[in-house]
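As stored in query08.cif (mmCIF, C-alpha atoms):
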```
data_input
loop_
_atom_site.label_atom_id
_atom_site.label_comp_id
_atom_site.auth_asym_id
_atom_site.auth_seq_id
_atom_site.Cartn_x
_atom_site.Cartn_y
_atom_site.Cartn_z
CA LEU A 1 68.34 -9.82 -26.12
CA PHE A 2 67.24 -13.32 -27.08
CA GLY A 3 70.66 -14.66 -26.10
CA PHE A 4 70.26 -13.26 -22.59
CA VAL A 5 66.65 -14.46 -22.26
CA ALA A 6 67.54 -17.93 -23.54
CA ARG A 7 70.09 -18.36 -20.76
CA THR A 8 67.66 -17.44 -17.99
CA VAL A 9 64.13 -18.37 -19.10
CA ALA A 10 62.50 -21.62 -20.28
CA PRO A 11 61.25 -21.79 -23.91
CA GLY A 12 57.63 -22.17 -22.75
CA THR A 13 57.91 -19.02 -20.67
CA ILE A 14 59.33 -17.08 -23.61
CA LYS A 15 56.41 -18.14 -25.78
CA SER A 16 53.89 -17.20 -23.07
CA ASP A 17 55.50 -13.78 -22.63
CA LEU A 18 55.43 -13.15 -26.37
CA SER A 19 51.77 -14.17 -26.50
CA ALA A 20 51.05 -11.68 -23.71
CA LEU A 21 52.90 -8.99 -25.67
CA ARG A 22 50.83 -9.78 -28.76
CA HIS A 23 47.63 -9.56 -26.71
CA LEU A 24 48.67 -6.12 -25.43
CA HIS A 25 49.24 -4.94 -28.99
CA VAL A 26 45.87 -6.27 -30.18
CA GLU A 27 44.04 -4.70 -27.22
CA ASN A 28 45.54 -1.34 -28.13
CA GLY A 29 44.68 -1.64 -31.82
CA PHE A 30 48.16 -2.38 -33.13
CA SER A 31 48.74 -5.02 -35.81
CA LYS A 32 45.92 -7.51 -35.42
CA GLN A 33 47.82 -9.83 -37.74
CA TRP A 34 50.60 -10.16 -35.15
CA LYS A 35 50.81 -13.97 -35.08
CA LEU A 36 53.80 -15.78 -33.65
CA ASP A 37 53.50 -18.67 -36.10
CA GLU A 38 53.96 -16.28 -39.03
CA TRP A 39 57.33 -15.02 -37.76
CA ASP A 40 59.70 -17.47 -39.46
CA SER A 41 62.83 -15.99 -37.95
CA LEU A 42 61.31 -16.01 -34.47
CA HIS A 43 60.21 -19.60 -34.97
CA ARG A 44 63.77 -20.60 -35.89
CA ILE A 45 65.16 -18.80 -32.84
CA MET A 46 62.71 -20.63 -30.58
CA ARG A 47 63.73 -23.98 -32.06
CA GLY A 48 67.37 -23.13 -31.43
CA ILE A 49 66.65 -22.22 -27.80
CA LYS A 50 64.81 -25.51 -27.31
CA ARG A 51 67.80 -27.41 -28.73
CA ILE A 52 70.21 -25.66 -26.40
CA LYS A 53 68.12 -25.83 -23.23
CA GLY A 54 66.42 -29.13 -23.96
CA ASP A 55 62.72 -29.90 -23.78
CA SER A 56 61.46 -29.24 -20.28
CA SER A 57 57.82 -29.85 -21.19
CA ARG A 58 57.85 -33.36 -19.76
CA ASP A 59 56.35 -33.34 -16.30
CA ASN A 60 58.53 -35.44 -14.00
CA ARG A 61 56.94 -34.41 -10.72
CA LEU A 62 56.09 -37.40 -8.55
CA PRO A 63 52.74 -37.96 -6.83
CA VAL A 64 51.89 -37.99 -3.15
CA THR A 65 49.44 -40.88 -3.38
CA VAL A 66 47.13 -42.23 -0.71
CA ALA A 67 49.49 -45.20 -0.41
CA LEU A 68 52.42 -42.87 0.34
CA LEU A 69 50.36 -40.99 2.93
CA HIS A 70 49.67 -44.29 4.69
CA ARG A 71 53.41 -45.02 4.73
CA PHE A 72 54.04 -41.63 6.34
CA HIS A 73 51.43 -42.36 9.00
CA ARG A 74 52.65 -45.87 9.67
CA HIS A 75 56.37 -45.18 9.92
CA LEU A 76 56.94 -41.51 10.76
CA LEU A 77 54.13 -40.00 12.78
CA LYS A 78 54.68 -41.46 16.22
CA PRO A 79 54.81 -39.57 18.53
CA LEU A 80 52.65 -36.92 16.91
CA SER A 81 53.08 -33.24 17.77
CA TYR A 82 50.44 -30.62 16.94
CA ASP A 83 52.49 -28.96 14.18
CA THR A 84 53.29 -32.34 12.61
CA LEU A 85 49.59 -33.17 12.65
CA VAL A 86 48.78 -29.88 10.92
CA VAL A 87 51.24 -30.67 8.11
CA PHE A 88 49.93 -34.22 7.74
CA VAL A 89 46.28 -33.07 7.66
CA ALA A 90 47.23 -30.54 4.97
CA MET A 91 48.91 -33.27 2.91
CA CYS A 92 45.90 -35.58 3.17
CA THR A 93 43.49 -32.75 2.36
CA GLY A 94 45.58 -31.78 -0.66
CA THR A 95 45.67 -35.32 -2.04
CA TYR A 96 42.06 -36.31 -1.38
CA GLY A 97 40.83 -32.91 -2.53
CA LEU A 98 43.10 -32.81 -5.61
CA LEU A 99 44.13 -29.33 -4.53
CA ARG A 100 46.76 -27.01 -5.93
CA SER A 101 49.16 -26.02 -3.15
CA GLY A 102 48.17 -22.36 -3.49
CA GLU A 103 44.58 -23.32 -2.67
CA PHE A 104 45.31 -24.60 0.83
CA VAL A 105 48.66 -23.17 1.99
CA VAL A 106 50.23 -19.73 1.62
CA SER A 107 53.10 -19.31 -0.82
CA SER A 108 54.22 -15.87 0.41
CA LYS A 109 53.36 -13.27 3.01
CA HIS A 110 51.18 -11.55 0.43
CA THR A 111 48.82 -14.48 -0.16
CA THR A 112 45.64 -15.05 1.85
CA PRO A 113 45.47 -18.38 3.70
CA LEU A 114 42.56 -20.79 3.61
CA LEU A 115 40.43 -19.81 6.61
CA LEU A 116 38.58 -21.96 9.10
CA ARG A 117 35.27 -20.38 8.06
CA GLN A 118 35.76 -21.98 4.64
CA ILE A 119 35.75 -25.47 6.17
CA THR A 120 32.62 -27.40 7.17
CA ILE A 121 33.05 -30.74 8.94
CA ASN A 122 30.19 -33.25 8.99
CA ASP A 123 30.01 -36.85 10.19
CA ASP A 124 30.39 -38.42 6.75
CA HIS A 125 32.06 -35.68 4.72
CA MET A 126 33.70 -32.28 4.76
CA VAL A 127 33.26 -29.26 2.50
CA ILE A 128 35.98 -26.80 1.48
CA LYS A 129 34.75 -23.50 0.07
CA LEU A 130 37.41 -22.11 -2.26
CA GLU A 131 36.78 -18.43 -2.81
CA GLN A 132 39.19 -18.27 -5.73
CA SER A 133 41.16 -20.70 -7.85
CA LYS A 134 43.02 -21.00 -11.14
CA THR A 135 39.93 -22.25 -13.01
CA ASP A 136 37.61 -19.67 -11.41
CA PRO A 137 38.69 -16.37 -13.01
CA PHE A 138 35.48 -14.54 -12.02
CA ARG A 139 35.84 -15.51 -8.33
CA LYS A 140 32.44 -17.20 -8.13
CA GLY A 141 33.82 -19.71 -5.65
CA VAL A 142 33.57 -23.48 -5.63
CA SER A 143 32.71 -26.04 -2.96
CA LEU A 144 34.77 -29.23 -2.76
CA HIS A 145 33.29 -32.28 -1.05
CA ILE A 146 35.56 -34.92 0.51
CA GLY A 147 33.93 -38.02 1.95
CA ALA A 148 34.96 -39.77 5.13
CA ASN A 149 36.61 -43.16 4.61
CA GLY A 150 37.54 -44.22 8.14
CA SER A 151 41.21 -44.83 7.34
CA ALA A 152 44.29 -43.41 9.03
CA THR A 153 44.50 -40.80 6.27
CA CYS A 154 40.81 -39.83 6.31
CA PRO A 155 40.71 -36.02 6.08
CA VAL A 156 37.40 -35.82 7.97
CA LYS A 157 38.71 -37.77 10.95
CA LEU A 158 42.05 -35.97 10.85
CA TRP A 159 40.41 -32.54 10.78
CA LYS A 160 38.38 -33.39 13.88
CA SER A 161 41.54 -34.53 15.68
CA MET A 162 43.47 -31.43 14.59
CA LEU A 163 40.79 -29.02 15.82
CA LEU A 164 40.60 -30.79 19.17
CA MET A 165 44.37 -30.62 19.56
CA ARG A 166 44.40 -26.97 18.46
CA ARG A 167 41.97 -26.13 21.23
CA ALA A 168 44.23 -27.84 23.75
CA VAL A 169 47.39 -26.16 22.42
CA THR A 170 45.97 -22.63 22.15
CA ALA A 171 43.67 -22.93 25.20
CA LYS A 172 40.80 -21.40 23.24
CA ARG A 173 38.09 -22.34 20.80
CA PRO A 174 39.19 -22.19 17.12
CA GLN A 175 37.82 -19.07 15.46
CA PRO A 176 36.35 -18.78 11.93
CA HIS A 177 38.78 -16.00 10.95
CA GLU A 178 41.85 -18.08 11.84
CA PRO A 179 43.94 -19.91 9.22
CA ALA A 180 42.60 -23.39 8.54
CA PHE A 181 46.08 -24.87 8.89
CA MET A 182 47.35 -22.80 11.81
CA LEU A 183 50.63 -23.75 13.45
CA SER A 184 51.30 -23.55 17.20
CA ASN A 185 52.91 -20.12 16.72
CA GLY A 186 49.65 -18.77 15.30
CA LYS A 187 50.97 -18.49 11.74
CA PRO A 188 49.46 -20.27 8.73
CA LEU A 189 51.22 -23.28 7.24
CA ASP A 190 53.19 -22.12 4.20
CA LYS A 191 54.25 -23.93 1.06
CA SER A 192 57.93 -23.89 2.02
CA LEU A 193 57.34 -25.83 5.25
CA LEU A 194 54.87 -28.18 3.56
CA VAL A 195 57.29 -29.12 0.78
CA SER A 196 60.38 -29.29 2.99
CA THR A 197 58.54 -31.64 5.38
CA LEU A 198 57.37 -33.75 2.45
CA LYS A 199 60.92 -34.07 1.15
CA SER A 200 62.22 -34.88 4.63
CA TRP A 201 59.65 -37.63 5.15
CA CYS A 202 60.36 -39.11 1.71
CA SER A 203 64.09 -39.16 2.47
CA SER A 204 63.40 -40.89 5.80
CA LEU A 205 61.67 -43.68 3.88
CA GLY A 206 64.55 -43.98 1.41
CA ILE A 207 62.64 -42.25 -1.39
CA ASP A 208 64.34 -39.81 -3.76
CA CYS A 209 62.71 -36.53 -2.79
CA SER A 210 64.04 -34.37 -5.64
CA LYS A 211 60.93 -34.66 -7.82
CA TYR A 212 58.34 -33.89 -5.16
CA ASN A 213 56.89 -30.40 -4.84
CA GLY A 214 53.72 -28.53 -3.97
CA HIS A 215 51.82 -29.91 -6.96
CA SER A 216 52.57 -33.52 -5.98
CA PHE A 217 49.38 -33.69 -3.88
CA ARG A 218 47.09 -32.84 -6.81
CA ILE A 219 49.01 -35.29 -9.00
CA GLY A 220 48.77 -37.90 -6.24
CA GLY A 221 45.01 -37.51 -6.00
CA ALA A 222 44.58 -38.09 -9.73
CA THR A 223 46.99 -41.04 -9.66
CA SER A 224 45.24 -42.66 -6.69
CA LEU A 225 41.83 -42.33 -8.34
CA ALA A 226 43.14 -43.80 -11.59
CA ALA A 227 44.71 -46.71 -9.67
CA ALA A 228 41.30 -47.37 -8.12
CA ASN A 229 39.78 -47.56 -11.65
CA VAL A 230 37.66 -44.46 -11.11
CA PRO A 231 36.20 -43.30 -14.48
CA ASP A 232 38.01 -40.47 -16.23
CA SER A 233 34.89 -38.29 -16.16
CA VAL A 234 34.77 -38.51 -12.36
CA ILE A 235 38.48 -37.69 -11.98
CA GLN A 236 38.01 -34.71 -14.27
CA THR A 237 35.08 -33.48 -12.17
CA LEU A 238 36.80 -34.00 -8.82
CA GLY A 239 39.91 -32.19 -10.02
CA ARG A 240 37.93 -29.39 -11.67
CA TRP A 241 39.70 -29.90 -14.98
CA LYS A 242 37.99 -28.43 -18.02
CA SER A 243 39.69 -30.90 -20.37
CA ASP A 244 41.34 -34.32 -20.27
CA CYS A 245 44.75 -32.77 -19.51
CA PHE A 246 44.55 -34.47 -16.09
CA LYS A 247 45.66 -37.67 -17.84
CA LEU A 248 49.15 -36.16 -17.99
CA TYR A 249 49.15 -36.17 -14.19
CA VAL A 250 48.51 -39.88 -13.75
CA ARG A 251 51.71 -41.67 -12.80
CA LEU A 252 52.08 -45.44 -13.14
CA PRO A 253 54.49 -47.17 -10.73
CA GLN A 254 57.46 -48.83 -12.43
CA HIS A 255 56.42 -52.31 -11.30
CA GLU A 256 53.11 -51.82 -13.14
CA LEU A 257 54.94 -50.73 -16.27
CA HIS A 258 57.15 -53.82 -16.04
CA ALA A 259 54.06 -56.05 -15.72
CA TYR A 260 52.72 -54.99 -19.13
CA SER A 261 55.37 -57.07 -20.88
CA GLY A 262 53.88 -60.20 -19.31
CA ILE A 263 50.35 -59.04 -20.13
CA MET A 264 51.32 -58.68 -23.80
CA VAL A 265 52.68 -62.25 -23.85
CA ASP A 266 49.63 -63.65 -22.10
CA ALA A 267 47.35 -61.97 -24.61
CA ALA A 268 49.37 -63.25 -27.59
CA THR A 269 49.60 -66.85 -26.35
CA SER A 270 45.93 -67.00 -25.42
CA ARG A 271 44.99 -66.04 -28.98
CA LYS A 272 47.19 -68.82 -30.40
CA SER A 273 45.59 -71.44 -28.19
#
```
Please express the file's structure as structure tokens.
Amino acid sequence: LFGFVARTVAPGTIKSDLSALRHLHVENGFSKQWKLDEWDSLHRIMRGIKRIKGDSSRDNRLPVTVALLHRFHRHLLKPLSYDTLVVFVAMCTGTYGLLRSGEFVVSSKHTTPLLLRQITINDDHMVIKLEQSKTDPFRKGVSLHIGANGSATCPVKLWKSMLLMRRAVTAKRPQPHEPAFMLSNGKPLDKSLLVSTLKSWCSSLGIDCSKYNGHSFRIGGATSLAAANVPDSVIQTLGRWKSDCFKLYVRLPQHELHAYSGIMVDAATSRKS
């Protein structure tokens, strides 16, 4: 059984599934001492699986930063169709709002899209009312505030433009019950189209698109805030993280990593003098 599972499932998934199985046993009153760490043979099997499959725990997903969004706007978005605008507004909203893809686009026909009634647009900011999210297990809802910044990637300005263009395309006033990111065919923007467009745009700019996916927008938001020297506590609040795990999302460009060698020399020589 383990041989079959090891060929098809990642080690982390196996551990999660076993933890769920343990929880089921405990809930039903069976063996409350059922602890994975105490199973020596199971521990050895898991180590063997990790050796064979390799450690996939390292997160290599790349960020869709504000800088990359500006490159998209500058080089790829002219002329601008309605559907292209919808995708671009979704990308900017995802990055500036540090959103998980499932919070603003649909991942399957069974998921509920973000609706227009959950969006409030003001002159200097916008509010997104998320009715459910990963960190909101009791479905209390959370309101995300995104300020206007006046740039070409400003979500507030882009939302106003998108709604105006939607009215022209559909020949009717946008309705609260409609999907927030509604395409010209009346369907909500889905994750597949969002990611495929992202990869296509990256390729057009000569960027390796293989490590971009739906979570790249949330990662890009955290990375952009860190690059702007925003305090960790603020990034944690904006991203709704309950711990400092967001630090794993921050990606430093290679040229910045290369620069640290010179910084180390400068620091050492300054001390000598």
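For the set A:His75, A:Arg173, A:Arg22, A:Lys157, the residue with the smallest atom-to-atom gap to His125 in chain A is A:Lys157, counting only C-alpha atoms.
Counting only C-alpha atoms, the residue from A:Val230, A:Leu164, A:Val156, A:Ala222 that sits nearest to Leu98 in chain A is A:Ala222.
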Axis-aligned box for all listed atoms of range 158-162 of chain A, 5 Å per side, centre and edges in Å to one decimal, as lines of an AutoDock Vina configuration file:
```
center_x = 40.9
center_y = -33.7
center_z = 13.2
size_x = 15.1
size_y = 14.5
size_z = 14.9
```
Worksheet, complete the sentence: CA of Phe72 in chain A sits from CA of Val89 in chain A at a separation of 11.6 Å
Worksheet item: So which residues touch Gly147 in chain A within 12 Å, counting only C-alpha atoms, skipping near sequence neighbours fewer than 4 positions away, as a ChimeraX atom specification?
Response: /A:93,96-97,120-128,151,153-157,238
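Atom pair CA of Thr112 in chain A / CA of Leu193 in chain A: separated by 16.3 Å.
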Item to complete: Pick out the closest residue to Gly221 in chain A from this set: A:Ala148, A:Val87, A:Leu130, A:Val64. Count all atoms listed in the file.
Response: A:Val64
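Computed from the coordinates, the CA of Arg117 in chain A to CA of Glu178 in chain A distance equals 7.9 Å.
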Item to complete: List the residues sitting within 12 Å of (61.0, -35.9, -0.7) in the file's frame, using only C-alpha atoms, as an NGL selection string.
Response: :A and (61-64 or 68 or 72 or 194-214 or 216)
Worksheet item: Contacts of Val86 in chain A at 9 Å or less, counting only C-alpha atoms, minus same-chain residues fewer than 5 places along, as an MDAnalysis selection string?
Response: chainID A and resid 81 91 159 162 181:183 189
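With all atoms listed in the file as the atoms that count, the minimum distance from Cys92 in chain A to the choices A:Thr65, A:Gln118, A:Ser161, A:Asn28 is reached by A:Thr65.
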Worksheet item: So which residues touch Ser184 in chain A within 12 Å, counting all atoms listed in the file, skipping near sequence neighbours fewer than 6 positions away, as an MDAnalysis selection string?
Response: chainID A and resid 81:87 162:163 165:171
Item to complete: Just say which residues the PyMOL selection byres ((chain A and resi 111) around 12) picks in this file, as a list in words.
Response: Ser101, Gly102, Glu103, Phe104, Val105, Val106, Ser107, Ser108, Lys109, His110, Thr112, Pro113, Leu114, Gln132, Pro179, Pro188, Leu189, Asp190 and Lys191 of chain A
Discussion item. When you look at Lys129 in chain A with a cut-off of 7 Å (counting all atoms listed in the file), what residues show up, excluding the ones that are within fewer than 4 positions of it in the same chain? I need them as a VMD selection string.
Written reply: chain A and resid 118 to 119 141 to 144
Take the residues that were just selected and, keeping C-alpha atoms, output them as a short mmCIF file (atom, residue, chain, number, x, y, z; two decimals), in the coordinates of the input.
```cif
data_model
loop_
_atom_site.label_atom_id
_atom_site.label_comp_id
_atom_site.auth_asym_id
_atom_site.auth_seq_id
_atom_site.Cartn_x
_atom_site.Cartn_y
_atom_site.Cartn_z
CA GLN A 118 35.76 -21.98 4.64
CA ILE A 119 35.75 -25.47 6.17
CA GLY A 141 33.82 -19.71 -5.65
CA VAL A 142 33.57 -23.48 -5.63
CA SER A 143 32.71 -26.04 -2.96
CA LEU A 144 34.77 -29.23 -2.76
#
```
